[in-house]
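> For reference, this is structure_4.txt, and it has compact mmCIF, C-alpha atoms.
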```
# COMPACT_ATOMS: atom_id res chain seq x y z
CA MET A 1 -125.34 -2.99 130.54
CA LYS A 2 -122.88 -0.79 132.41
CA LYS A 3 -120.10 -3.30 131.72
CA ARG A 4 -120.88 -3.19 128.00
CA ILE A 5 -120.75 0.61 127.96
CA LEU A 6 -117.47 0.56 129.89
CA CYS A 7 -115.95 -1.96 127.44
CA PHE A 8 -117.12 0.16 124.52
CA LEU A 9 -115.51 3.28 125.99
CA LEU A 10 -112.25 1.46 126.71
CA CYS A 11 -112.12 0.08 123.15
CA THR A 12 -112.78 3.55 121.77
CA LEU A 13 -109.98 5.05 123.86
CA MET A 14 -107.61 2.32 122.72
CA ILE A 15 -108.45 2.98 119.07
CA PHE A 16 -107.80 6.71 119.50
CA ALA A 17 -104.53 5.98 121.30
CA LEU A 18 -103.36 3.62 118.55
CA SER A 19 -104.36 6.14 115.89
CA ALA A 20 -102.38 8.83 117.67
CA CYS A 21 -99.33 6.56 117.80
CA GLN A 22 -99.67 5.71 114.14
CA ASN A 23 -100.01 9.36 113.16
CA LEU A 24 -96.91 10.17 115.20
CA SER A 25 -94.87 7.43 113.54
CA LEU A 26 -96.06 8.53 110.09
CA LYS A 27 -95.19 12.16 110.64
CA PRO A 28 -93.38 13.34 107.50
CA ALA A 29 -89.77 14.43 107.75
CA GLU A 30 -89.16 18.17 107.98
CA LEU A 31 -86.07 20.23 107.31
CA GLN A 32 -84.57 22.09 110.24
CA SER A 33 -82.17 24.99 109.82
CA SER A 34 -78.50 24.06 109.71
CA ILE A 35 -76.63 23.99 113.03
CA PRO A 36 -73.04 25.23 113.38
CA ILE A 37 -70.58 22.81 114.98
CA PRO A 38 -68.86 24.41 118.01
CA GLU A 39 -65.07 24.54 118.38
CA ASP A 40 -64.98 21.43 120.55
CA GLY A 41 -67.20 19.63 118.03
CA VAL A 42 -69.67 18.35 120.64
CA ILE A 43 -73.41 18.32 119.93
CA SER A 44 -75.59 17.48 122.94
CA ASP A 45 -77.89 14.48 123.12
CA SER A 46 -80.90 16.81 123.50
CA VAL A 47 -80.36 18.11 119.96
CA PHE A 48 -80.33 14.58 118.56
CA GLY A 49 -83.31 13.72 120.74
CA GLN A 50 -85.30 16.57 119.17
CA LEU A 51 -84.35 15.44 115.65
CA LYS A 52 -85.43 11.90 116.46
CA GLU A 53 -88.68 12.81 118.23
CA GLN A 54 -89.83 15.32 115.60
CA ASN A 55 -88.45 13.40 112.57
CA LYS A 56 -86.32 16.36 111.53
CA VAL A 57 -83.54 16.51 108.96
CA THR A 58 -80.68 18.94 109.39
CA THR A 59 -77.07 19.66 108.50
CA PHE A 60 -74.36 20.30 111.06
CA VAL A 61 -71.82 22.68 109.54
CA GLY A 62 -68.15 22.91 110.49
CA GLU A 63 -64.85 24.33 109.21
CA SER A 64 -61.31 22.98 109.38
CA ASN A 65 -58.20 24.63 107.95
CA GLY A 66 -60.18 26.49 105.31
CA PHE A 67 -62.39 23.53 104.35
CA ARG A 68 -66.13 23.50 104.94
CA TYR A 69 -67.75 20.21 105.93
CA GLU A 70 -71.31 19.15 106.68
CA TRP A 71 -73.01 16.24 108.39
CA THR A 72 -76.48 15.48 107.03
CA VAL A 73 -78.50 13.81 109.79
CA PHE A 74 -81.96 12.27 109.43
CA GLY A 75 -83.78 11.96 112.74
CA SER A 76 -85.31 8.66 111.58
CA ASP A 77 -81.80 7.11 111.50
CA ILE A 78 -81.07 7.82 115.16
CA ASP A 79 -81.66 4.86 117.45
CA GLU A 80 -80.02 6.08 120.66
CA THR A 81 -79.39 9.71 121.58
CA LYS A 82 -76.13 10.75 123.22
CA ASP A 83 -73.55 13.53 123.12
CA LEU A 84 -71.54 13.24 119.90
CA ASN A 85 -68.38 14.93 118.69
CA LEU A 86 -69.00 15.85 115.05
CA GLY A 87 -65.69 17.66 114.64
CA ILE A 88 -63.16 16.58 112.03
CA GLU A 89 -59.71 17.96 111.28
CA ILE A 90 -58.69 18.21 107.64
CA THR A 91 -54.92 18.11 107.61
CA SER A 92 -54.15 18.28 103.90
CA GLY A 93 -55.84 18.59 100.58
CA ASN A 94 -54.77 18.81 96.94
CA SER A 95 -55.70 17.43 93.52
CA LYS A 96 -54.26 14.04 94.51
CA LYS A 97 -55.97 13.45 97.86
CA ILE A 98 -57.49 14.95 100.98
CA ALA A 99 -56.65 13.69 104.49
CA PHE A 100 -58.74 14.05 107.65
CA HIS A 101 -59.43 12.47 111.00
CA TYR A 102 -62.37 12.45 113.37
CA LEU A 103 -62.24 14.16 116.75
CA SER A 104 -64.75 11.62 118.02
CA GLY A 105 -63.49 8.78 120.17
CA GLU A 106 -66.51 6.55 119.54
CA ASP A 107 -68.90 5.44 116.83
CA PHE A 108 -72.08 7.46 116.48
CA GLY A 109 -74.47 4.52 116.39
CA PHE A 110 -75.82 5.53 112.95
CA SER A 111 -74.27 6.48 109.59
CA PRO A 112 -74.87 10.09 108.55
CA VAL A 113 -73.54 11.49 105.30
CA LEU A 114 -70.36 13.55 105.54
CA SER A 115 -69.80 16.16 102.83
CA ILE A 116 -66.39 17.81 102.43
CA TYR A 117 -66.26 20.94 100.28
CA LEU A 118 -63.01 21.21 98.35
CA ASN A 119 -61.39 24.46 97.22
CA GLU A 120 -60.84 23.13 93.70
CA LYS A 121 -62.48 21.01 91.04
CA TRP A 122 -61.49 17.35 90.94
CA GLU A 123 -61.52 15.86 87.45
CA ALA A 124 -63.01 12.64 88.71
CA GLU A 125 -66.41 10.98 88.72
CA SER A 126 -66.00 9.26 92.08
CA ALA A 127 -63.50 8.85 94.91
CA THR A 128 -62.43 6.20 97.42
CA VAL A 129 -62.24 6.68 101.18
CA TYR A 130 -59.30 4.84 102.78
CA GLU A 131 -58.62 4.23 106.46
CA VAL A 132 -54.90 4.69 107.08
CA SER A 133 -52.54 3.56 109.80
CA GLU A 134 -48.79 3.35 110.18
CA THR A 135 -48.74 0.00 108.41
CA ASP A 136 -51.90 -0.21 106.33
CA ARG A 137 -54.24 1.64 103.96
CA THR A 138 -57.66 -0.01 103.69
CA PRO A 139 -60.50 1.07 101.39
CA LYS A 140 -63.66 1.71 103.44
CA CYS A 141 -66.26 3.11 101.07
CA SER A 142 -66.89 5.05 97.88
CA ALA A 143 -67.60 8.79 97.74
CA SER A 144 -69.65 10.58 95.13
CA VAL A 145 -68.12 13.69 93.60
CA THR A 146 -70.62 16.51 93.07
CA GLY A 147 -70.44 20.30 92.88
CA SER A 148 -70.47 22.79 90.00
CA ASP A 149 -67.38 25.01 90.29
CA LYS A 150 -65.66 23.19 93.14
CA SER A 151 -66.02 19.55 94.09
CA ILE A 152 -68.00 18.20 97.03
CA LEU A 153 -67.19 14.74 98.37
CA ASN A 154 -70.19 12.88 99.81
CA PHE A 155 -70.03 9.54 101.59
CA SER A 156 -71.86 7.59 104.26
CA ALA A 157 -69.62 7.66 107.34
CA VAL A 158 -69.87 4.06 108.46
CA ALA A 159 -66.62 4.44 110.43
CA GLN A 160 -66.40 7.48 112.70
CA THR A 161 -63.05 7.03 114.40
CA GLY A 162 -59.55 7.02 112.99
CA TYR A 163 -57.52 8.63 110.21
CA PHE A 164 -58.61 8.67 106.57
CA GLU A 165 -57.65 9.71 103.06
CA ILE A 166 -59.88 10.35 100.07
CA THR A 167 -58.38 9.99 96.61
CA PRO A 168 -60.09 10.59 93.26
CA ASP A 169 -60.78 7.50 91.17
CA ILE A 170 -59.34 7.20 87.69
CA THR A 171 -61.87 8.03 84.99
CA GLN A 172 -63.95 4.96 84.34
CA ASN A 173 -64.13 5.03 80.56
CA THR A 174 -60.33 4.89 80.22
CA GLU A 175 -59.78 2.14 82.74
CA ILE A 176 -62.62 -0.37 82.55
CA ASP A 177 -61.72 -3.49 80.59
CA LYS A 178 -64.50 -4.18 78.11
CA THR A 179 -62.92 -7.43 76.85
CA GLU A 180 -65.59 -9.98 76.09
CA THR A 181 -65.15 -13.68 76.44
CA SER A 182 -65.86 -15.89 73.46
CA SER A 183 -69.20 -16.86 74.98
CA GLU A 184 -70.16 -13.19 75.48
CA LYS A 185 -69.25 -11.87 72.06
CA GLN A 186 -72.22 -10.83 70.00
CA ASP A 187 -72.72 -12.13 66.50
CA THR A 188 -73.03 -8.93 64.47
CA SER A 189 -73.19 -10.57 61.08
CA SER A 190 -76.98 -10.61 61.16
CA VAL A 191 -77.40 -7.09 62.57
CA GLU A 192 -78.99 -4.87 59.94
CA ALA A 193 -77.19 -1.55 59.70
CA ASP A 194 -79.26 1.55 60.29
CA PRO A 195 -78.81 3.66 57.14
CA TYR A 196 -79.00 6.77 59.30
CA LEU A 197 -75.80 5.82 61.12
CA SER A 198 -72.15 5.73 60.03
CA GLY A 199 -70.34 2.47 59.38
CA VAL A 200 -67.74 2.19 62.18
CA THR A 201 -68.77 -0.46 64.73
CA ASP A 202 -67.57 -1.25 68.24
CA GLY A 203 -67.82 -5.03 68.03
CA GLY A 204 -71.00 -5.03 70.08
CA GLY A 205 -73.48 -4.42 67.30
CA ARG A 206 -73.41 -0.64 67.74
CA VAL A 207 -72.18 2.02 65.35
CA LEU A 208 -69.64 4.56 66.61
CA SER A 209 -69.50 8.21 65.72
CA GLU A 210 -66.70 9.26 63.38
CA GLY A 211 -66.92 12.81 64.73
CA LYS A 212 -67.66 14.29 61.29
CA ASP A 213 -71.21 15.52 61.84
CA THR A 214 -71.62 19.24 62.42
CA GLU A 215 -75.39 19.59 62.67
CA GLN A 216 -78.21 18.14 64.72
CA ASP A 217 -79.99 15.04 63.47
CA LYS A 218 -83.70 14.88 62.73
CA TYR A 219 -84.42 14.28 66.43
CA LYS A 220 -82.53 17.41 67.50
CA THR A 221 -79.51 15.44 68.76
CA ASP A 222 -76.26 17.40 68.75
CA PRO A 223 -73.32 15.72 66.99
CA VAL A 224 -72.18 12.66 68.96
CA PRO A 225 -68.50 12.87 70.02
CA GLU A 226 -66.04 10.78 68.06
CA GLY A 227 -65.76 7.21 69.27
CA LYS A 228 -69.05 7.28 71.21
CA PRO A 229 -71.97 4.99 70.26
CA MET A 230 -74.54 6.49 67.94
CA PRO A 231 -78.19 6.27 69.01
CA VAL A 232 -80.24 3.24 68.01
CA GLU A 233 -83.81 4.24 67.23
CA PRO A 234 -86.41 2.32 69.28
CA GLU A 235 -88.31 1.34 66.15
CA ASN A 236 -85.13 -0.39 64.90
CA GLN A 237 -84.43 -2.07 68.23
CA THR A 238 -84.17 -5.85 68.18
CA VAL A 239 -84.08 -7.60 71.55
CA ASN A 240 -82.82 -11.17 71.71
CA ASP A 241 -83.92 -12.73 75.01
CA LYS A 242 -81.86 -15.82 74.25
CA LYS A 243 -78.61 -13.91 74.84
CA THR A 244 -77.88 -12.23 78.17
CA TYR A 245 -75.11 -9.89 79.23
CA THR A 246 -74.25 -7.92 82.35
CA CYS A 247 -73.70 -4.30 83.23
CA THR A 248 -73.20 -2.34 86.46
CA PHE A 249 -76.22 -0.22 87.42
CA SER A 250 -76.93 2.35 90.14
CA ILE A 251 -79.38 5.13 91.05
CA GLU A 252 -78.41 7.94 93.44
CA CYS A 253 -79.40 11.46 94.43
CA SER A 254 -76.59 12.49 96.80
CA THR A 255 -76.35 16.00 95.36
CA ILE A 256 -79.76 16.73 96.93
CA LEU A 257 -78.10 16.36 100.34
CA ASN A 258 -76.02 19.45 99.50
CA ASN A 259 -79.14 21.39 98.46
CA LEU A 260 -81.79 20.43 101.01
CA LYS A 261 -82.91 24.03 101.37
CA ASP A 262 -84.08 23.95 97.74
CA LEU A 263 -85.97 20.66 98.07
CA GLU A 264 -89.76 20.73 98.00
CA PRO A 265 -90.81 20.13 101.64
CA ASP A 266 -93.15 17.27 100.79
CA LYS A 267 -90.31 15.40 99.06
CA MET A 268 -88.08 15.12 102.12
CA ASP A 269 -89.21 11.54 102.79
CA ALA A 270 -88.30 10.53 99.23
CA VAL A 271 -84.58 11.23 99.80
CA PRO A 272 -82.63 8.29 101.29
CA SER A 273 -80.43 9.40 104.17
CA ASN A 274 -77.31 8.27 102.28
CA GLY A 275 -78.50 9.48 98.88
CA ILE A 276 -78.47 5.96 97.40
CA ILE A 277 -81.69 4.64 95.86
CA PHE A 278 -80.22 1.56 94.17
CA ALA A 279 -76.68 0.66 95.18
CA SER A 280 -74.21 -0.13 92.42
CA GLN A 281 -74.43 -3.77 91.45
CA THR A 282 -74.13 -6.12 88.51
CA VAL A 283 -77.41 -6.75 86.67
CA THR A 284 -78.37 -8.82 83.65
CA PHE A 285 -79.83 -7.52 80.40
CA TYR A 286 -80.80 -8.98 77.05
CA GLU A 287 -78.96 -8.41 73.81
CA GLY A 288 -80.26 -5.26 72.15
CA GLU A 289 -81.84 -3.68 75.23
CA SER A 290 -81.53 0.00 75.99
CA VAL A 291 -80.65 1.84 79.20
CA TYR A 292 -84.35 2.63 79.56
CA ASP A 293 -85.32 -1.05 79.32
CA VAL A 294 -82.98 -1.94 82.19
CA LEU A 295 -84.11 1.03 84.31
CA GLN A 296 -87.74 -0.05 83.95
CA ARG A 297 -86.99 -3.62 84.97
CA ILE A 298 -84.81 -2.69 87.96
CA CYS A 299 -87.40 -0.26 89.30
CA LYS A 300 -90.20 -2.80 88.89
CA GLU A 301 -88.27 -5.66 90.48
CA ASN A 302 -87.15 -3.54 93.45
CA GLY A 303 -90.36 -1.63 94.09
CA ILE A 304 -88.84 1.73 93.08
CA GLN A 305 -91.34 4.25 91.78
CA MET A 306 -90.52 5.45 88.27
CA GLU A 307 -92.48 7.58 85.82
CA ALA A 308 -91.62 8.34 82.20
CA SER A 309 -93.32 9.68 79.09
CA TRP A 310 -92.68 9.37 75.37
CA THR A 311 -91.25 12.46 73.62
CA PRO A 312 -91.78 12.15 69.85
CA ILE A 313 -89.64 15.17 68.99
CA TYR A 314 -86.62 13.39 70.52
CA ASN A 315 -87.86 9.88 69.62
CA SER A 316 -87.14 8.74 73.15
CA ALA A 317 -88.60 8.14 76.56
CA TYR A 318 -88.28 11.00 79.04
CA VAL A 319 -87.70 9.96 82.65
CA GLU A 320 -89.77 12.36 84.74
CA GLY A 321 -89.24 10.89 88.19
CA ILE A 322 -87.56 8.10 90.11
CA HIS A 323 -88.31 7.27 93.77
CA ASN A 324 -90.88 10.11 93.72
CA LEU A 325 -88.16 12.67 92.96
CA TYR A 326 -89.02 14.68 89.86
CA GLU A 327 -87.64 17.45 87.69
CA PHE A 328 -87.70 20.82 89.53
CA ASP A 329 -88.22 19.16 92.93
CA CYS A 330 -84.86 20.57 94.10
CA GLY A 331 -84.53 23.82 92.20
CA SER A 332 -85.13 25.07 88.67
CA GLY A 333 -82.16 23.14 87.29
CA SER A 334 -82.95 19.79 88.89
CA GLY A 335 -83.85 16.42 87.38
CA TRP A 336 -82.51 13.01 86.36
CA MET A 337 -79.59 12.28 84.04
CA TYR A 338 -77.87 9.05 83.05
CA ARG A 339 -74.17 8.35 82.54
CA VAL A 340 -72.51 5.39 80.84
CA ASP A 341 -68.81 4.74 81.47
CA GLY A 342 -68.32 8.32 82.58
CA TRP A 343 -70.10 9.89 79.57
CA TYR A 344 -73.45 11.64 79.68
CA PRO A 345 -75.01 10.77 76.29
CA ASN A 346 -76.59 13.66 74.43
CA TYR A 347 -79.62 11.59 73.46
CA GLY A 348 -82.42 9.80 75.28
CA CYS A 349 -81.97 6.67 77.35
CA SER A 350 -84.25 4.56 75.15
CA ARG A 351 -81.89 5.27 72.20
CA TYR A 352 -78.78 4.04 74.04
CA GLN A 353 -78.19 0.34 73.31
CA LEU A 354 -76.20 -1.33 76.08
CA LYS A 355 -73.02 -3.32 75.58
CA GLN A 356 -71.48 -6.01 77.79
CA GLY A 357 -69.70 -4.66 80.88
CA GLU A 358 -70.78 -1.02 80.75
CA VAL A 359 -71.34 1.03 83.91
CA VAL A 360 -74.69 2.84 83.99
CA GLU A 361 -75.46 5.49 86.61
CA TRP A 362 -78.68 7.42 87.06
CA ARG A 363 -77.89 10.60 88.99
CA TYR A 364 -80.05 13.46 90.19
CA THR A 365 -78.74 16.92 89.35
CA CYS A 366 -79.61 20.21 91.04
CA ASP A 367 -77.71 22.42 88.56
CA LEU A 368 -78.47 21.27 85.00
CA GLY A 369 -75.79 18.57 85.25
CA LYS A 370 -72.95 20.89 86.24
CA ASP A 371 -72.86 19.49 89.78
CA ILE A 372 -72.49 15.88 88.60
CA GLY A 373 -70.05 16.38 85.74
CA GLY A 374 -72.64 16.46 82.97
CA GLY A 375 -74.10 19.02 80.67
CA TYR A 376 -76.82 17.54 78.51
CA ALA A 377 -80.59 17.40 78.73
CA ILE A 378 -82.28 16.35 81.94
CA GLY A 379 -84.65 13.41 81.80
CA GLY A 380 -82.47 10.88 79.99
```
Let's see the structure in the file written out as structure tokens.

Amino acid sequence: MKKRILCFLLCTLMIFALSACQNLSLKPAELQSSIPIPEDGVISDSVFGQLKEQNKVTTFVGESNGFRYEWTVFGSDIDETKDLNLGIEITSGNSKKIAFHYLSGEDFGFSPVLSIYLNEKWEAESATVYEVSETDRTPKCSASVTGSDKSILNFSAVAQTGYFEITPDITQNTEIDKTETSSEKQDTSSVEADPYLSGVTDGGGRVLSEGKDTEQDKYKTDPVPEGKPMPVEPENQTVNDKKTYTCTFSIECSTILNNLKDLEPDKMDAVPSNGIIFASQTVTFYEGESVYDVLQRICKENGIQMEASWTPIYNSAYVEGIHNLYEFDCGSGSGWMYRVDGWYPNYGCSRYQLKQGEVVEWRYTCDLGKDIGGGYAIGG
């Protein structure tokens, strides 16, 4: 009998111990106040140990030659704690490029996000980070360009030693080749024209704006800029699942990393440490599908939470949240917007009919689109 009681007590203690371990591992991430980077750039291993143990998120803030920079570090990303030199020296910066090098002599062991705050506004949607040497210049990664009045460059620092340059990318919608092969071209002869739209087409079954409208349409859409595709109403949408095309698709929320202090505390775990929810990649869609159709499918296939509602006044779906990040979760001007070939359409995502080869980006804004180069309604 005594042995049975002893076994029962031991089992009970083990259950409590396992529960305690599980609760510890499931502890939600918390934001810690930003930490200034000292002149020598070195942050002690004890600081990283605290971030790791307590699952904290913080920014390490530094300054170099008049440029502010920040490292966003998630404790959950740290595998091994050690002293790290987070200092960087920014040696030049202008509208053409910005150059910098790390003071660290070793890799960190994880890939935090580095944000460099420029003193001007770059007219670019993205940028490329190059590693440079005396004989070579090698692209390493892409940087997102955010910021309202002045640009902020955000990128995951997978390489933490060496010399680098960041240059703005050429605007996508003027450089991407939309040439279709004979097998990709859509047969538009059977496409019934929407009497609400104008008659200029883009060869992909869509009607383009002639730029002559001066008033909103019946769904409160401001005049569509000349040359941009007019909305296709969902009730007129015809999807042909016998014809498939491809587009480039991505979902990211990197601007939140520059505004963590405004983020709802219980949403900290919803933010990826590099700001990327769905990395840019080529995906397939059916002829006639909308941006909303593709978003739904990608989220479902990749286990990404997404919530939307129908808005009759705009005759479109309204995307409320993706990856458990919703409107107003990071300030009063925050929410989701979509961009196609560098343009933020001024109508809902279920009214935008996709064409072969387009680049679709879902981006989270913290400032009504101003920080991601947009200016239309949140929610797609």
> Report, in Å with one decimal, the straight-line distance from atom CA of A:Ser332 to atom CA of A:Trp310.
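Spanning atom CA of A:Ser332 to atom CA of A:Trp310 is a straight-line distance of 21.9 Å.
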> Mind checking which residues fall within 9 Å of A:Gly369, counting all atoms listed in the file, ignoring those fewer than 3 positions away in the same chain, and posting them as a PyMOL selection string?
chain A and resi 148+333-337+364-366+372-378
> Pick out the closest residue to A:Gly342 from this set: A:Ser126, A:Asn94, A:Gln32, A:Thr81. Count all atoms listed in the file.
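Smallest separation from A:Gly342 among the options: A:Ser126.
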> Considering all atoms listed in the file, state which residue in the set A:Asp222, A:Glu264, A:Asp107, A:Asp341 is at the smallest distance from A:Tyr326.
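Going through A:Asp222, A:Glu264, A:Asp107, A:Asp341 one by one, the smallest distance to A:Tyr326 is for A:Glu264.
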> Point out the residue among A:Glu80, A:Asp269, A:Glu131, A:Glu63 with the least atom-to-atom distance to A:Leu118, counting only C-alpha atoms.
A:Glu63
> What lies within 9 Å of A:Gly75 using only C-alpha atoms, ignoring chain neighbours under 4 positions off, as a list in words?
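Everything that qualifies: Ala29, Phe48, Gly49, Gln50, Leu51, Lys52, Glu53, Gln54, Asn55, Lys56, Val57, Thr58 and Asp79 of chain A.
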> For the selection you just gave me, I'd like the residues written to a file as a PDB file, keeping the file's coordinate frame, keeping C-alpha atoms.

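Saved the output as out.pdb:
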```
ATOM      1  CA  ALA A  29     -89.770  14.430 107.750  1.00  0.00           C
ATOM      2  CA  PHE A  48     -80.330  14.580 118.560  1.00  0.00           C
ATOM      3  CA  GLY A  49     -83.310  13.720 120.740  1.00  0.00           C
ATOM      4  CA  GLN A  50     -85.300  16.570 119.170  1.00  0.00           C
ATOM      5  CA  LEU A  51     -84.350  15.440 115.650  1.00  0.00           C
ATOM      6  CA  LYS A  52     -85.430  11.900 116.460  1.00  0.00           C
ATOM      7  CA  GLU A  53     -88.680  12.810 118.230  1.00  0.00           C
ATOM      8  CA  GLN A  54     -89.830  15.320 115.600  1.00  0.00           C
ATOM      9  CA  ASN A  55     -88.450  13.400 112.570  1.00  0.00           C
ATOM     10  CA  LYS A  56     -86.320  16.360 111.530  1.00  0.00           C
ATOM     11  CA  VAL A  57     -83.540  16.510 108.960  1.00  0.00           C
ATOM     12  CA  THR A  58     -80.680  18.940 109.390  1.00  0.00           C
ATOM     13  CA  ASP A  79     -81.660   4.860 117.450  1.00  0.00           C
TER      14      ASP A  79
END
```
> Can you pull out the residues contacting A:Asn65? Cut-off 9 Å, using only C-alpha atoms, and skip same-chain residues under 2 positions away; I want them as a list of chain:residue names.
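In the requested format, the answer is A:Glu63, A:Phe67, A:Arg68, A:Glu89, A:Ile90, A:Thr91, A:Ser92.
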> Quote the spacing between atom CA of A:Tyr286 and atom CA of A:Cys299 in Å to one decimal place.
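Those two atoms sit 16.4 Å apart.
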> Select, from A:Tyr69, A:Phe110, A:Phe74, A:Phe285, the residue with the minimum atom-to-atom distance to A:Met268, counting only C-alpha atoms.
A:Phe74
> Atom CA of A:Tyr102 and atom CA of A:Gly275 are how many Å apart?
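The value is 21.9 Å.
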